[in-house]
Every structure is written in structure tokens, then in C-alpha cells.
>>> print(open('run_17.txt').read())   # compact mmCIF, C-alpha atoms
# COMPACT_ATOMS: atom_id res chain seq x y z
CA MET A 822 -12.68 -16.85 -27.71
CA THR A 823 -11.44 -13.29 -27.31
CA ILE A 824 -12.40 -11.10 -24.39
CA GLN A 825 -11.56 -7.56 -23.36
CA LEU A 826 -9.38 -7.92 -20.25
CA ASN A 827 -8.29 -4.74 -18.46
CA GLY A 828 -8.75 -2.73 -21.62
CA GLN A 829 -6.92 -5.10 -23.94
CA ALA A 830 -7.99 -7.88 -26.31
CA TYR A 831 -7.16 -11.20 -24.69
CA ASP A 832 -7.32 -14.66 -26.29
CA VAL A 833 -8.73 -17.04 -23.71
CA PRO A 834 -7.00 -20.45 -23.72
CA VAL A 835 -9.33 -23.34 -24.62
CA HIS A 836 -9.22 -24.90 -21.14
CA VAL A 837 -10.51 -21.68 -19.53
CA SER A 838 -14.29 -21.33 -19.49
CA THR A 839 -15.11 -19.64 -16.14
CA ILE A 840 -13.91 -16.60 -14.23
CA GLN A 841 -12.31 -18.87 -11.61
CA GLN A 842 -10.33 -20.72 -14.28
CA LEU A 843 -9.23 -17.42 -15.77
CA LEU A 844 -7.94 -16.23 -12.37
CA GLU A 845 -6.05 -19.52 -11.96
CA HIS A 846 -4.61 -19.18 -15.45
CA LEU A 847 -3.47 -15.63 -14.65
CA ASN A 848 -2.03 -16.96 -11.35
CA ILE A 849 -3.93 -14.40 -9.25
CA ASP A 850 -6.61 -16.70 -7.79
CA HIS A 851 -4.94 -16.60 -4.33
CA ARG A 852 -4.97 -12.80 -4.18
CA ILE A 853 -7.60 -10.42 -2.88
CA LEU A 854 -9.43 -9.25 -5.96
CA VAL A 855 -12.17 -7.03 -7.24
CA ILE A 856 -13.62 -8.33 -10.51
CA GLU A 857 -16.02 -6.63 -12.84
CA HIS A 858 -17.69 -8.87 -15.43
CA ASN A 859 -19.63 -6.98 -18.11
CA ALA A 860 -19.98 -3.96 -15.80
CA THR A 861 -21.18 -5.99 -12.78
CA ILE A 862 -18.98 -6.63 -9.76
CA LEU A 863 -18.79 -10.34 -8.97
CA GLU A 864 -19.13 -11.67 -5.45
CA LYS A 865 -16.73 -14.50 -4.59
CA ASP A 866 -19.43 -17.16 -4.86
CA ALA A 867 -20.07 -16.12 -8.46
CA TYR A 868 -16.58 -16.85 -9.78
CA ASP A 869 -17.91 -19.94 -11.55
CA ALA A 870 -19.67 -17.61 -13.99
CA PRO A 871 -19.03 -18.69 -17.58
CA ILE A 872 -16.92 -16.48 -19.85
CA ARG A 873 -18.29 -15.74 -23.29
CA ASP A 874 -16.74 -14.31 -26.41
CA ARG A 875 -16.33 -10.50 -26.26
CA ASP A 876 -16.99 -10.33 -22.51
CA GLN A 877 -15.55 -7.27 -20.79
CA ILE A 878 -13.58 -8.22 -17.69
CA GLU A 879 -11.67 -5.94 -15.33
CA VAL A 880 -9.61 -7.46 -12.55
CA ILE A 881 -7.81 -5.49 -9.84
CA HIS A 882 -5.74 -7.31 -7.25
CA PHE A 883 -4.38 -5.86 -4.03
CA VAL A 884 -0.64 -5.69 -3.51
CA GLY A 885 1.47 -4.85 -0.48
CA GLY A 886 4.34 -2.76 -1.76
CA GLY A 887 4.92 0.93 -1.95
CA MET B 1312 6.82 33.90 -2.39
CA MET B 1313 3.80 32.86 -4.42
CA GLY B 1314 5.50 33.62 -7.77
CA ARG B 1315 7.20 30.27 -7.84
CA TYR B 1316 3.77 28.62 -8.07
CA ASP B 1317 2.64 30.75 -11.00
CA ARG B 1318 2.44 27.93 -13.57
CA GLN B 1319 0.44 25.83 -11.17
CA MET B 1320 -2.01 28.61 -10.35
CA ARG B 1321 -2.46 29.29 -14.07
CA PHE B 1322 -3.94 25.81 -14.29
CA GLU B 1323 -7.53 26.99 -14.04
CA PRO B 1324 -9.16 24.07 -12.15
CA PHE B 1325 -6.58 24.52 -9.38
CA GLY B 1326 -6.03 28.26 -9.52
CA GLU B 1327 -5.23 30.66 -6.68
CA SER B 1328 -7.85 29.16 -4.40
CA GLY B 1329 -6.36 25.68 -4.80
CA GLN B 1330 -2.94 27.12 -4.05
CA ARG B 1331 -4.28 28.80 -0.90
CA ALA B 1332 -5.91 25.55 0.23
CA LEU B 1333 -2.64 23.70 -0.36
CA ARG B 1334 -0.77 26.35 1.62
CA GLU B 1335 -3.18 25.86 4.53
CA ALA B 1336 -2.98 22.05 4.35
CA ASN B 1337 -1.05 19.80 6.67
CA ILE B 1338 -0.43 16.49 4.91
CA PHE B 1339 0.67 13.25 6.53
CA VAL B 1340 2.83 11.02 4.33
CA LEU B 1341 2.72 7.51 5.76
CA GLY B 1342 6.06 6.04 4.70
CA ALA B 1343 9.23 7.54 3.26
CA GLY B 1344 10.05 4.78 0.77
CA ALA B 1345 9.34 4.94 -2.93
CA LEU B 1346 5.77 6.28 -2.96
CA GLY B 1347 6.46 8.59 -0.02
CA SER B 1348 9.55 10.05 -1.70
CA ALA B 1349 7.67 10.78 -4.88
CA SER B 1350 4.50 12.24 -3.39
CA ALA B 1351 6.29 14.24 -0.67
CA GLU B 1352 8.55 15.81 -3.31
CA MET B 1353 5.57 16.75 -5.49
CA LEU B 1354 3.69 18.28 -2.56
CA VAL B 1355 6.66 20.24 -1.26
CA ARG B 1356 7.46 21.60 -4.72
CA ALA B 1357 3.77 22.45 -5.14
CA GLY B 1358 3.83 24.53 -1.95
CA VAL B 1359 2.03 22.52 0.70
CA GLY B 1360 1.98 24.41 4.01
CA ARG B 1361 3.04 21.63 6.33
CA LEU B 1362 4.04 18.03 5.77
CA THR B 1363 4.74 15.21 8.19
CA ILE B 1364 6.68 12.18 6.98
CA VAL B 1365 7.03 8.99 9.00
CA ASP B 1366 9.12 5.86 8.44
CA ARG B 1367 10.78 3.16 10.56
CA ASP B 1368 13.59 2.14 8.17
CA VAL B 1369 17.21 3.08 7.59
CA LEU B 1370 18.37 3.68 4.01
CA GLU B 1371 19.90 0.84 2.01
CA TRP B 1372 21.58 0.70 -1.39
CA THR B 1373 18.65 -1.30 -2.79
CA ASN B 1374 16.39 1.73 -2.17
CA LEU B 1375 18.22 4.15 -4.45
CA HIS B 1376 16.91 3.02 -7.85
CA ARG B 1377 13.38 4.17 -6.98
CA GLN B 1378 13.36 6.31 -3.83
CA GLN B 1379 13.97 9.65 -5.44
CA LEU B 1380 14.68 11.83 -2.41
CA TYR B 1381 17.86 9.98 -1.43
CA THR B 1382 21.52 10.03 -2.40
CA GLU B 1383 24.48 7.70 -2.09
CA SER B 1384 25.77 9.83 0.74
CA ASP B 1385 22.51 9.33 2.68
CA VAL B 1386 23.01 5.57 2.42
CA GLU B 1387 26.67 5.82 3.44
CA ARG B 1388 25.66 7.89 6.46
CA GLN B 1389 23.08 5.21 7.33
CA LEU B 1390 20.38 7.84 7.71
CA PRO B 1391 16.83 6.90 8.64
CA LYS B 1392 14.65 7.55 5.61
CA ALA B 1393 12.39 10.03 7.39
CA ALA B 1394 15.39 12.14 8.50
CA ALA B 1395 17.02 12.10 5.05
CA ALA B 1396 13.65 13.00 3.51
CA HIS B 1397 13.31 15.95 5.88
CA GLU B 1398 16.75 17.26 4.86
CA ARG B 1399 16.10 16.96 1.13
CA LEU B 1400 12.55 18.36 1.27
CA THR B 1401 13.72 21.42 3.17
CA ALA B 1402 16.41 21.99 0.53
CA ILE B 1403 13.71 21.86 -2.17
CA ASN B 1404 11.36 24.36 -0.53
CA ARG B 1405 12.31 26.12 2.69
CA ASP B 1406 8.84 27.65 3.03
CA VAL B 1407 7.31 24.29 3.88
CA THR B 1408 7.24 23.25 7.52
CA ILE B 1409 8.43 19.66 7.60
CA GLU B 1410 8.13 17.31 10.52
CA HIS B 1411 9.52 13.79 10.55
CA HIS B 1412 9.28 10.80 12.87
CA VAL B 1413 11.48 7.69 12.82
CA VAL B 1414 8.89 5.34 14.26
CA ASP B 1415 7.05 2.15 13.60
CA ILE B 1416 3.38 3.03 13.07
CA THR B 1417 1.25 1.00 15.47
CA SER B 1418 -2.24 1.07 16.91
CA GLU B 1419 -0.76 2.83 19.93
CA ASN B 1420 0.72 5.83 18.15
CA ILE B 1421 -1.18 6.28 14.90
CA LEU B 1422 -4.05 8.42 16.20
CA SER B 1423 -1.82 10.89 18.00
CA LEU B 1424 0.54 11.12 15.01
CA VAL B 1425 -2.16 11.62 12.39
CA GLU B 1426 -4.56 13.84 14.37
CA GLY B 1427 -4.64 17.44 13.17
CA HIS B 1428 -3.65 16.63 9.57
CA THR B 1429 -5.76 17.49 6.54
CA ALA B 1430 -5.26 14.16 4.76
CA VAL B 1431 -3.08 11.04 4.76
CA LEU B 1432 -1.16 9.85 1.72
CA ASP B 1433 -0.52 6.13 1.77
CA ALA B 1434 3.11 5.23 1.17
CA THR B 1435 3.42 2.21 3.38
CA ASP B 1436 4.73 -1.15 2.22
CA ASN B 1437 2.17 -3.52 3.69
CA LEU B 1438 -1.56 -4.11 3.92
CA GLU B 1439 -1.66 -4.39 7.71
CA THR B 1440 -0.49 -0.79 8.16
CA ARG B 1441 -2.91 0.32 5.43
CA LEU B 1442 -5.83 -1.18 7.33
CA LEU B 1443 -4.58 0.51 10.49
CA ALA B 1444 -4.41 3.85 8.67
CA ASN B 1445 -7.86 3.20 7.17
CA ASP B 1446 -9.32 2.86 10.68
CA ALA B 1447 -7.40 5.85 12.05
CA CYS B 1448 -8.49 8.13 9.20
CA LEU B 1449 -12.13 7.00 9.45
CA GLN B 1450 -12.13 7.66 13.18
CA LEU B 1451 -10.53 11.08 12.73
CA GLY B 1452 -12.72 11.91 9.74
CA ILE B 1453 -9.92 12.69 7.28
CA PRO B 1454 -9.41 11.28 3.78
CA PHE B 1455 -6.91 8.50 3.13
CA PHE B 1456 -5.45 8.33 -0.36
CA MET B 1457 -4.55 4.67 -0.73
CA GLY B 1458 -1.86 3.60 -3.20
CA ALA B 1459 0.31 0.52 -3.64
CA CYS B 1460 2.66 -0.93 -6.23
CA VAL B 1461 4.95 -3.85 -7.01
CA GLY B 1462 6.68 -4.97 -10.18
CA SER B 1463 5.18 -2.83 -12.94
CA TYR B 1464 1.70 -2.90 -11.39
CA GLY B 1465 0.06 -0.26 -9.24
CA MET B 1466 -3.32 0.57 -7.78
CA THR B 1467 -5.10 3.36 -5.98
CA PHE B 1468 -8.36 4.25 -4.27
CA PRO B 1469 -9.26 7.35 -2.23
CA ILE B 1470 -11.05 6.54 1.03
CA GLY B 1471 -13.31 8.79 3.06
CA LEU B 1472 -14.32 11.23 0.31
CA ARG B 1473 -17.93 10.06 0.17
CA GLU B 1474 -19.96 8.23 2.74
CA GLU B 1475 -21.58 5.88 0.23
CA GLU B 1476 -18.21 4.54 -0.94
CA PRO B 1477 -16.49 1.52 0.66
CA CYS B 1478 -13.45 1.79 2.89
CA LEU B 1479 -10.34 -0.37 2.56
CA HIS B 1480 -11.71 -2.82 5.12
CA CYS B 1481 -14.89 -3.29 3.00
CA LEU B 1482 -12.70 -4.06 -0.01
CA LEU B 1483 -10.20 -6.35 1.68
CA GLU B 1484 -12.29 -8.00 4.42
CA THR B 1485 -9.29 -10.07 5.56
CA LEU B 1486 -5.55 -9.88 5.12
CA PRO B 1487 -4.28 -12.32 2.52
CA PRO B 1488 -1.64 -14.84 3.69
CA GLU B 1489 0.77 -13.19 1.30
CA ALA B 1490 0.59 -10.03 -0.77
CA ALA B 1491 3.28 -9.35 -3.34
CA THR B 1492 5.97 -6.95 -2.09
CA CYS B 1493 8.84 -5.10 -3.73
CA ASP B 1494 11.26 -7.44 -1.98
CA THR B 1495 9.59 -10.59 -3.29
CA VAL B 1496 8.76 -9.68 -6.88
CA GLY B 1497 10.80 -6.50 -7.43
CA VAL B 1498 9.62 -3.10 -8.65
CA ILE B 1499 10.50 -0.59 -11.36
CA SER B 1500 10.45 3.13 -10.66
CA PRO B 1501 7.96 4.21 -13.38
CA ILE B 1502 5.08 2.48 -11.55
CA VAL B 1503 6.08 4.22 -8.32
CA VAL B 1504 5.79 7.68 -9.82
CA THR B 1505 2.57 6.72 -11.61
CA VAL B 1506 0.85 5.68 -8.40
CA ALA B 1507 2.26 8.65 -6.48
CA ALA B 1508 1.00 10.92 -9.28
CA TRP B 1509 -2.51 9.45 -9.01
CA GLN B 1510 -2.56 9.94 -5.26
CA THR B 1511 -1.13 13.46 -5.38
CA ALA B 1512 -3.55 14.49 -8.14
CA GLN B 1513 -6.47 13.15 -6.09
CA LEU B 1514 -5.24 15.14 -3.10
CA LEU B 1515 -4.87 18.35 -5.14
CA ARG B 1516 -8.39 17.88 -6.54
CA TYR B 1517 -9.73 17.33 -3.04
CA LEU B 1518 -7.99 20.46 -1.75
CA ALA B 1519 -9.25 22.48 -4.71
CA GLY B 1520 -12.79 21.55 -3.67
CA GLU B 1521 -13.55 19.14 -6.52
CA THR B 1522 -16.00 16.32 -6.01
CA TRP B 1523 -15.94 13.23 -8.18
CA GLN B 1524 -16.92 9.59 -8.32
CA PRO B 1525 -13.90 7.72 -6.97
CA THR B 1526 -12.91 4.48 -8.67
CA LEU B 1527 -10.60 1.64 -7.74
CA GLN B 1528 -7.88 1.94 -10.38
CA SER B 1529 -4.97 -0.17 -11.48
CA THR B 1530 -2.43 -0.22 -14.25
CA ASN B 1531 0.40 -2.40 -15.43
CA LEU B 1532 2.97 -0.29 -17.24
CA TRP B 1533 4.75 -3.33 -18.68
CA THR B 1534 1.71 -4.94 -20.30
CA ASP B 1535 -0.21 -1.69 -20.87
CA GLU B 1536 -3.26 -2.93 -18.98
CA HIS B 1537 -5.62 -0.55 -17.22
CA ALA B 1538 -8.65 -1.18 -15.05
CA SER B 1539 -11.04 1.18 -13.32
CA ILE B 1540 -13.95 -0.17 -11.29
CA ARG B 1541 -16.74 1.70 -9.50
CA VAL B 1542 -16.89 -0.14 -6.22
CA THR B 1543 -19.83 1.56 -4.49
CA SER B 1544 -21.69 -1.79 -4.33
CA LEU B 1545 -18.86 -3.26 -2.23
CA LYS B 1546 -19.63 -0.95 0.69
CA LYS B 1547 -20.60 -3.24 3.57
CA GLU B 1548 -23.31 -1.99 5.91
CA SER B 1549 -21.85 -4.20 8.64
CA CYS B 1550 -18.22 -3.10 8.10
CA PRO B 1551 -16.50 -2.86 11.52
CA SER B 1552 -14.51 0.15 10.25
CA CYS B 1553 -17.01 2.34 8.39
CA SER B 1554 -20.53 1.27 9.38
CA ASN B 1555 -22.80 3.49 11.49
CA GLU B 1556 -21.42 1.87 14.63
CA PRO B 1557 -17.76 1.41 13.88
CA VAL B 1558 -15.41 -0.37 16.27
CA TYR B 1559 -12.20 0.33 14.29
CA PRO B 1560 -10.80 -3.17 14.88
CA PHE B 1561 -7.31 -2.43 13.57
CA LEU B 1562 -6.85 0.24 16.23
CA ARG B 1563 -7.01 -2.59 18.77
CA ALA B 1564 -3.70 -4.31 19.26
CA VAL B 1565 -5.21 -7.78 18.79
CA HIS B 1566 -5.28 -7.13 15.04
CA GLU B 1567 -1.66 -6.12 14.85
CA THR B 1568 1.65 -7.87 14.53
CA GLU B 1569 3.08 -7.89 18.06
CA ALA B 1570 6.80 -7.78 18.67
CA SER B 1571 8.89 -8.86 21.64
CA VAL B 1572 12.67 -9.05 21.97
CA LEU B 1573 14.03 -12.37 23.19
CA CYS B 1574 16.79 -11.27 25.54
CA GLY B 1575 20.33 -12.37 24.87
CA ARG B 1576 19.39 -14.21 21.71
CA GLU B 1577 19.60 -11.49 19.06
CA THR B 1578 16.08 -12.53 18.19
CA VAL B 1579 12.76 -10.76 17.89
CA GLN B 1580 9.51 -12.66 18.15
CA LEU B 1581 6.57 -11.34 16.17
CA ARG B 1582 3.01 -12.50 16.41
CA LEU B 1583 0.76 -11.95 13.42
CA PRO B 1584 -2.76 -10.62 13.95
CA LEU B 1585 -5.24 -13.32 14.82
CA GLN B 1586 -7.09 -13.31 11.56
CA ARG B 1587 -3.94 -13.81 9.54
CA ALA B 1588 -3.08 -17.46 9.05
CA ILE B 1589 0.41 -18.66 8.15
CA ASP B 1590 0.53 -20.98 5.18
CA LEU B 1591 3.91 -22.69 5.51
CA GLN B 1592 4.12 -23.64 1.84
CA THR B 1593 3.59 -20.02 0.76
CA PHE B 1594 6.51 -18.85 2.88
CA ALA B 1595 8.65 -21.78 1.74
CA SER B 1596 8.22 -20.65 -1.85
CA ILE B 1597 9.02 -17.03 -0.95
CA PHE B 1598 12.31 -18.21 0.57
CA GLU B 1599 13.01 -20.35 -2.49
CA ARG B 1600 12.43 -17.46 -4.87
CA ALA B 1601 14.97 -15.47 -2.84
CA GLY B 1602 17.56 -18.23 -3.36
CA SER B 1603 17.37 -19.66 0.15
CA THR B 1604 16.74 -23.35 0.82
CA PRO B 1605 14.11 -23.39 3.56
CA VAL B 1606 13.57 -26.12 6.10
CA VAL B 1607 9.90 -27.07 6.25
CA ASN B 1608 8.17 -29.42 8.65
CA GLN B 1609 4.64 -29.72 9.93
CA HIS B 1610 5.17 -26.94 12.50
CA LEU B 1611 7.32 -24.34 10.80
CA VAL B 1612 9.28 -23.08 7.86
CA SER B 1613 12.75 -21.63 8.41
CA GLY B 1614 14.92 -19.87 5.87
CA HIS B 1615 17.30 -16.98 5.19
CA TRP B 1616 16.14 -13.57 4.07
CA ASN B 1617 18.56 -10.64 3.63
CA ASP B 1618 21.17 -12.29 5.90
CA TYR B 1619 18.65 -12.92 8.71
CA ARG B 1620 17.21 -16.30 9.61
CA ILE B 1621 13.45 -16.14 9.86
CA VAL B 1622 11.21 -18.88 11.21
CA PHE B 1623 7.47 -18.88 10.56
CA PHE B 1624 5.38 -21.05 12.88
CA LYS B 1625 1.98 -22.35 11.88
CA ASP B 1626 0.42 -20.79 15.00
CA GLY B 1627 1.19 -17.26 13.82
CA ARG B 1628 4.54 -16.69 15.56
CA ILE B 1629 7.61 -15.55 13.69
CA LEU B 1630 11.19 -15.51 14.98
CA VAL B 1631 13.64 -13.13 13.34
CA HIS B 1632 17.19 -14.15 14.28
CA GLY B 1633 20.09 -11.74 14.01
CA THR B 1634 18.52 -8.58 15.40
CA ASN B 1635 17.27 -7.13 18.67
CA ASP B 1636 15.39 -4.36 16.92
CA PRO B 1637 11.60 -4.90 16.67
CA LYS B 1638 11.39 -2.23 13.95
CA LYS B 1639 13.94 -4.09 11.83
CA ALA B 1640 12.14 -7.39 12.44
CA ARG B 1641 8.75 -5.95 11.44
CA SER B 1642 10.29 -4.36 8.40
CA LEU B 1643 11.91 -7.66 7.27
CA VAL B 1644 8.68 -9.59 7.73
CA ALA B 1645 6.63 -6.89 5.99
CA SER B 1646 9.06 -7.09 3.07
CA MET B 1647 8.18 -10.79 2.74
CA THR B 1648 4.49 -10.77 3.48
CA GLY B 1649 3.26 -7.35 2.37
>>> encode(input="run_17.txt", output="C-alpha cells")
Amino acid sequence: MTIQLNGQAYDVPVHVSTIQQLLEHLNIDHRILVIEHNATILEKDAYDAPIRDRDQIEVIHFVGGG
Amino acid sequence: MMGRYDRQMRFEPFGESGQRALREANIFVLGAGALGSASAEMLVRAGVGRLTIVDRDVLEWTNLHRQQLYTESDVERQLPKAAAAHERLTAINRDVTIEHHVVDITSENILSLVEGHTAVLDATDNLETRLLANDACLQLGIPFFMGACVGSYGMTFPIGLREEEPCLHCLLETLPPEAATCDTVGVISPIVVTVAAWQTAQLLRYLAGETWQPTLQSTNLWTDEHASIRVTSLKKESCPSCSNEPVYPFLRAVHETEASVLCGRETVQLRLPLQRAIDLQTFASIFERAGSTPVVNQHLVSGHWNDYRIVFFKDGRILVHGTNDPKKARSLVASMTG
């Protein structure tokens, strides 16, 4: 399965099938995030949404530095 | 001497009226580290009328690879960043009135420092101060151009340009137990100038009278990823900072890291804001990544960080051993926790 992640083609590993699993795989699940899934912003309780081939996902996480 | 700005005024969307607005502006740069260096230099070269720059830290060698206003001699002279910035900025453009303050921004001083400015550019190194600035700017009714970066990743969002857009408090809700910082995961200078460029461009557009739909933006220069999200739907009607009846919680000291000096012990005690929990394992791994071997038990984690011993207690207290300076202690802890 290939999705569009932050503007780039991304091959989703076979064990990843939800947004939550994707965030864990990217190691950003513990961060404060804003996620857009196919042009809709996801609330936290919707992170179990399934990922499908060719989904468009944008993820922005907050960082402290500057 | 307007001639020096000729090429900028020839840029039609900015033009002479943008230049005049910039000349009349008084911009507050919150932090004189990497982002603050880059955006203050751009603004001063561009001909801003007045600029205030504020920072609590003294220059170190590890700043020089990315903090473009400073020289080796500034580090050798142990200059506070804000003072060194003032010197360099005046040398770049003597027509700009520069003011600097070597202070720790707190809920007690932020309103009086920021009041009277046209806009605030975010160049701080931690989320707690950003939320404080968010509240201060909302209360004073001035825009806050948020920006942050670590590693090769950066993000930005302008706050206070449109009422229907969320503020930083709407977006964050709570402080995370740990946010990545330049001291924990490093940083390369190209992302600094990218984020500063975004913020400065937003400010110039604002001063030139442009209106636009702001988006939360991020980029990773190493992996070539970009994201841009319209976050209007994340505006919270009940937000304590930007609702119709705001209480500006971060301007109350209870939401702020408190510092007290423990006499005769070369130790500063800090207390994290109430809503910020300490996860001992998270801090243990930060120490480990820095090459220290922390001691962890059910009450605390203790380790070395930049030659200081720092102890995090589960109840939100932090002891910084090896200094009597609350500013230094806050700065060290901010460099770990973000």
C-alpha cells in the first residue's frame, strides 16, 4: 500500500493499517500532532481510522526548539 | 536614506507603502538564539523602524554554527546574546532603533515588555514560553508569528491575524511531557533560516496590508517533506486563551515553571506548571542519549547534563545542581524539555 505522506509517496509497512499504527511506526505518537487524513483533520479519538491505498496524509508535530 | 531599500520597494506587492509600514513598525523578537538572529537580521536590513530583542542566555561555542549574528569574539567575551545582537544589528543598520533586554520572560514581565509593539516574532526555545507569548499577544491584540525548529524539521503558524483561526493554546491544549529541542536532537542551520524566512515573510505581508488564509506549515529539509494544513476547525470555542471570555491562563504564575534558589547549595529548584507531568522514563532516556548514566527510582531520575547534575522528581520539582542562577537553571531545563 502506498500513500501520499507530507507530499511524498510513502510505502506503508504491512503491519501498519491505522493512523495510530502509522504514528507509532514514525515514532511520533507521543508528540502533539495535527493530522489531516484525505483533507479532513482527525480528532484524537479518530486515530484508529484505517489507512487505504493512495490516502493523502499530512502530519505536523510540535517541537520546542528555535 | 530610503535608497538602500530600493530593490525591496521595487517588489510590487510590498512597494513604498510596505516600506513605510515597516519603518513605522516596532517589532518584538522573543529570543536571540538561532531564529531570533536570523529574523532580526532580516528585519533590520529591511529597514524596520524599531526592534526589541530579548534573551536570558549567555553565548556559548555551541551556538555559533547556527546563530548568525554572533562571532567568536562575542563568545570569548561571554556576552549575553541580546547584548551581542544589539551591537551587531546596530552595525548592520544604524537607522534602526534597537532595544535589548537580558531577562527571563515570565508571566510577570511579558505584558510590560511586549506592550506597544506592532507584532511579536517567536524565537524562543520552548513551548511554555510560546504559550505565555500566545496569551500576552491575544490580550494585547497583536499578532504572534509562531515558529519552531529542531533537527532538519521546522514549523510555523501566525496567530491573531483572523478571529476565526485557532490560537496556539487551541492547537496544543496541553504541554507535552517532552518536546524535541536543539540540545536533545540537534539542529542544522538551513532549517533555522527557512523557518525565520517564513515568519519574516508573514510579518512583511501583514505590514503590507495583505490578508490571507493562514495555514499550519511544516517542512523537513533532510527528507524533503512538506505539510500545510488549514486548521480553522481546531479553533475551540471554550479556549481559555482566545474564547469570548478569555482568562489567559499562562499569564497566571500557576502555569509557569517557578524557580527558587536553595541558599548555600549552588542549587536552583524549579517547579513545572501544574498541568505538566514528569515522566521519569522520558527524562532517563534524554540523559542516556546525552551520554549520561542516570539514576532512576520510583521517585526521581537524576543525571548529568552539560556539566550540571539535574534531578527530576515525579511531583514536578526539578533540582539543578551547580548554579545559583535561576535563568541558567530554566535555560538548562528548557534545553532538555522544550
>>> interface_residues(input="run_17.txt", of="chain B", to="chain A", cutoff="7 Å", atoms="all atoms listed in the file", output="PyMOL selection string")
chain B and resi 1344-1346+1434-1438+1459-1461+1483+1487+1490-1493+1529+1536-1538+1540+1649
>>> atom_distance(input="run_17.txt", atom1="atom CA of B:Leu1443", atom2="atom CA of B:Thr1417")
7.7 Å
>>> residues_around(input="run_17.txt", residues="A:His846", least_positions_apart="3", cutoff="10 Å", atoms="all atoms listed in the file", output="number ranges by chain")
A: 833-834, 836-837, 840-843, 849-850
>>> atom_distance(input="run_17.txt", atom1="atom CA of B:Gln1389", atom2="atom CA of B:Asp1636")
15.6 Å
>>> residues_around(input="run_17.txt", residues="B:Gly1452", least_positions_apart="6", cutoff="10 Å", atoms="only C-alpha atoms", output="CSV table (one decimal) with C-alpha atoms, keeping the file's coordinate frame")
chain,number,residue,atom,x,y,z
B,1426,GLU,CA,-4.6,13.8,14.4
B,1429,THR,CA,-5.8,17.5,6.5
B,1430,ALA,CA,-5.3,14.2,4.8
B,1446,ASP,CA,-9.3,2.9,10.7
B,1471,GLY,CA,-13.3,8.8,3.1
B,1472,LEU,CA,-14.3,11.2,0.3
>>> residues_around(input="run_17.txt", residues="B:Asn1374", least_positions_apart="3", cutoff="9 Å", atoms="only C-alpha atoms", output="PyMOL selection string")
chain B and resi 1344-1345+1370-1371+1377-1379+1381+1386
>>> atom_distance(input="run_17.txt", atom1="atom CA of B:Phe1322", atom2="atom CA of B:Leu1514")
15.5 Å
>>> closest_residue(input="run_17.txt", among="A:Tyr868, A:Leu844, A:Asp876, A:Asn859", to="A:Tyr831", atoms="all atoms listed in the file")
A:Asp876
>>> closest_residue(input="run_17.txt", among="B:Thr1648, B:Arg1641, B:Ala1395, B:Asp1590", to="B:Glu1383", atoms="all atoms listed in the file")
B:Ala1395
>>> closest_residue(input="run_17.txt", among="B:Gln1330, B:Thr1505, B:Gln1580, B:Asn1420", to="B:Thr1467", atoms="all atoms listed in the file")
B:Thr1505
>>> residues_around(input="run_17.txt", residues="B:Gly1329", least_positions_apart="3", cutoff="10 Å", atoms="all atoms listed in the file", output="JSON, numbers by chain")
{"B": [1319, 1320, 1322, 1323, 1324, 1325, 1326, 1332, 1333, 1334, 1335, 1515, 1516, 1517, 1518, 1519, 1520, 1521]}
>>> write_last_selection(input="run_17.txt", atoms="C-alpha atoms", output="PDB file, in the frame of the given file")
ATOM      1  CA  GLN B1319       0.440  25.830 -11.170  1.00  0.00           C
ATOM      2  CA  MET B1320      -2.010  28.610 -10.350  1.00  0.00           C
ATOM      3  CA  PHE B1322      -3.940  25.810 -14.290  1.00  0.00           C
ATOM      4  CA  GLU B1323      -7.530  26.990 -14.040  1.00  0.00           C
ATOM      5  CA  PRO B1324      -9.160  24.070 -12.150  1.00  0.00           C
ATOM      6  CA  PHE B1325      -6.580  24.520  -9.380  1.00  0.00           C
ATOM      7  CA  GLY B1326      -6.030  28.260  -9.520  1.00  0.00           C
ATOM      8  CA  ALA B1332      -5.910  25.550   0.230  1.00  0.00           C
ATOM      9  CA  LEU B1333      -2.640  23.700  -0.360  1.00  0.00           C
ATOM     10  CA  ARG B1334      -0.770  26.350   1.620  1.00  0.00           C
ATOM     11  CA  GLU B1335      -3.180  25.860   4.530  1.00  0.00           C
ATOM     12  CA  LEU B1515      -4.870  18.350  -5.140  1.00  0.00           C
ATOM     13  CA  ARG B1516      -8.390  17.880  -6.540  1.00  0.00           C
ATOM     14  CA  TYR B1517      -9.730  17.330  -3.040  1.00  0.00           C
ATOM     15  CA  LEU B1518      -7.990  20.460  -1.750  1.00  0.00           C
ATOM     16  CA  ALA B1519      -9.250  22.480  -4.710  1.00  0.00           C
ATOM     17  CA  GLY B1520     -12.790  21.550  -3.670  1.00  0.00           C
ATOM     18  CA  GLU B1521     -13.550  19.140  -6.520  1.00  0.00           C
TER      19      GLU B1521
END
>>> closest_residue(input="run_17.txt", among="B:Gly1427, B:Gly1614, B:Pro1525, B:Pro1551", to="B:Glu1476", atoms="only C-alpha atoms")
B:Pro1525
>>> residues_around(input="run_17.txt", residues="B:Ala1444", least_positions_apart="3", cutoff="10 Å", atoms="all atoms listed in the file", output="PDB file with C-alpha atoms, in the frame of the given file")
ATOM      1  CA  LEU B1341       2.720   7.510   5.760  1.00  0.00           C
ATOM      2  CA  ILE B1416       3.380   3.030  13.070  1.00  0.00           C
ATOM      3  CA  THR B1417       1.250   1.000  15.470  1.00  0.00           C
ATOM      4  CA  SER B1418      -2.240   1.070  16.910  1.00  0.00           C
ATOM      5  CA  ILE B1421      -1.180   6.280  14.900  1.00  0.00           C
ATOM      6  CA  LEU B1422      -4.050   8.420  16.200  1.00  0.00           C
ATOM      7  CA  VAL B1425      -2.160  11.620  12.390  1.00  0.00           C
ATOM      8  CA  VAL B1431      -3.080  11.040   4.760  1.00  0.00           C
ATOM      9  CA  LEU B1432      -1.160   9.850   1.720  1.00  0.00           C
ATOM     10  CA  ASP B1433      -0.520   6.130   1.770  1.00  0.00           C
ATOM     11  CA  THR B1435       3.420   2.210   3.380  1.00  0.00           C
ATOM     12  CA  LEU B1438      -1.560  -4.110   3.920  1.00  0.00           C
ATOM     13  CA  GLU B1439      -1.660  -4.390   7.710  1.00  0.00           C
ATOM     14  CA  THR B1440      -0.490  -0.790   8.160  1.00  0.00           C
ATOM     15  CA  ARG B1441      -2.910   0.320   5.430  1.00  0.00           C
ATOM     16  CA  ALA B1447      -7.400   5.850  12.050  1.00  0.00           C
ATOM     17  CA  CYS B1448      -8.490   8.130   9.200  1.00  0.00           C
ATOM     18  CA  LEU B1449     -12.130   7.000   9.450  1.00  0.00           C
ATOM     19  CA  GLN B1450     -12.130   7.660  13.180  1.00  0.00           C
ATOM     20  CA  PHE B1455      -6.910   8.500   3.130  1.00  0.00           C
ATOM     21  CA  MET B1457      -4.550   4.670  -0.730  1.00  0.00           C
ATOM     22  CA  LEU B1479     -10.340  -0.370   2.560  1.00  0.00           C
ATOM     23  CA  PHE B1561      -7.310  -2.430  13.570  1.00  0.00           C
ATOM     24  CA  LEU B1562      -6.850   0.240  16.230  1.00  0.00           C
TER      25      LEU B1562
END
>>> closest_residue(input="run_17.txt", among="B:Asn1608, B:Arg1315, B:Pro1454, B:Arg1367", to="B:Asn1404", atoms="only C-alpha atoms")
B:Arg1315
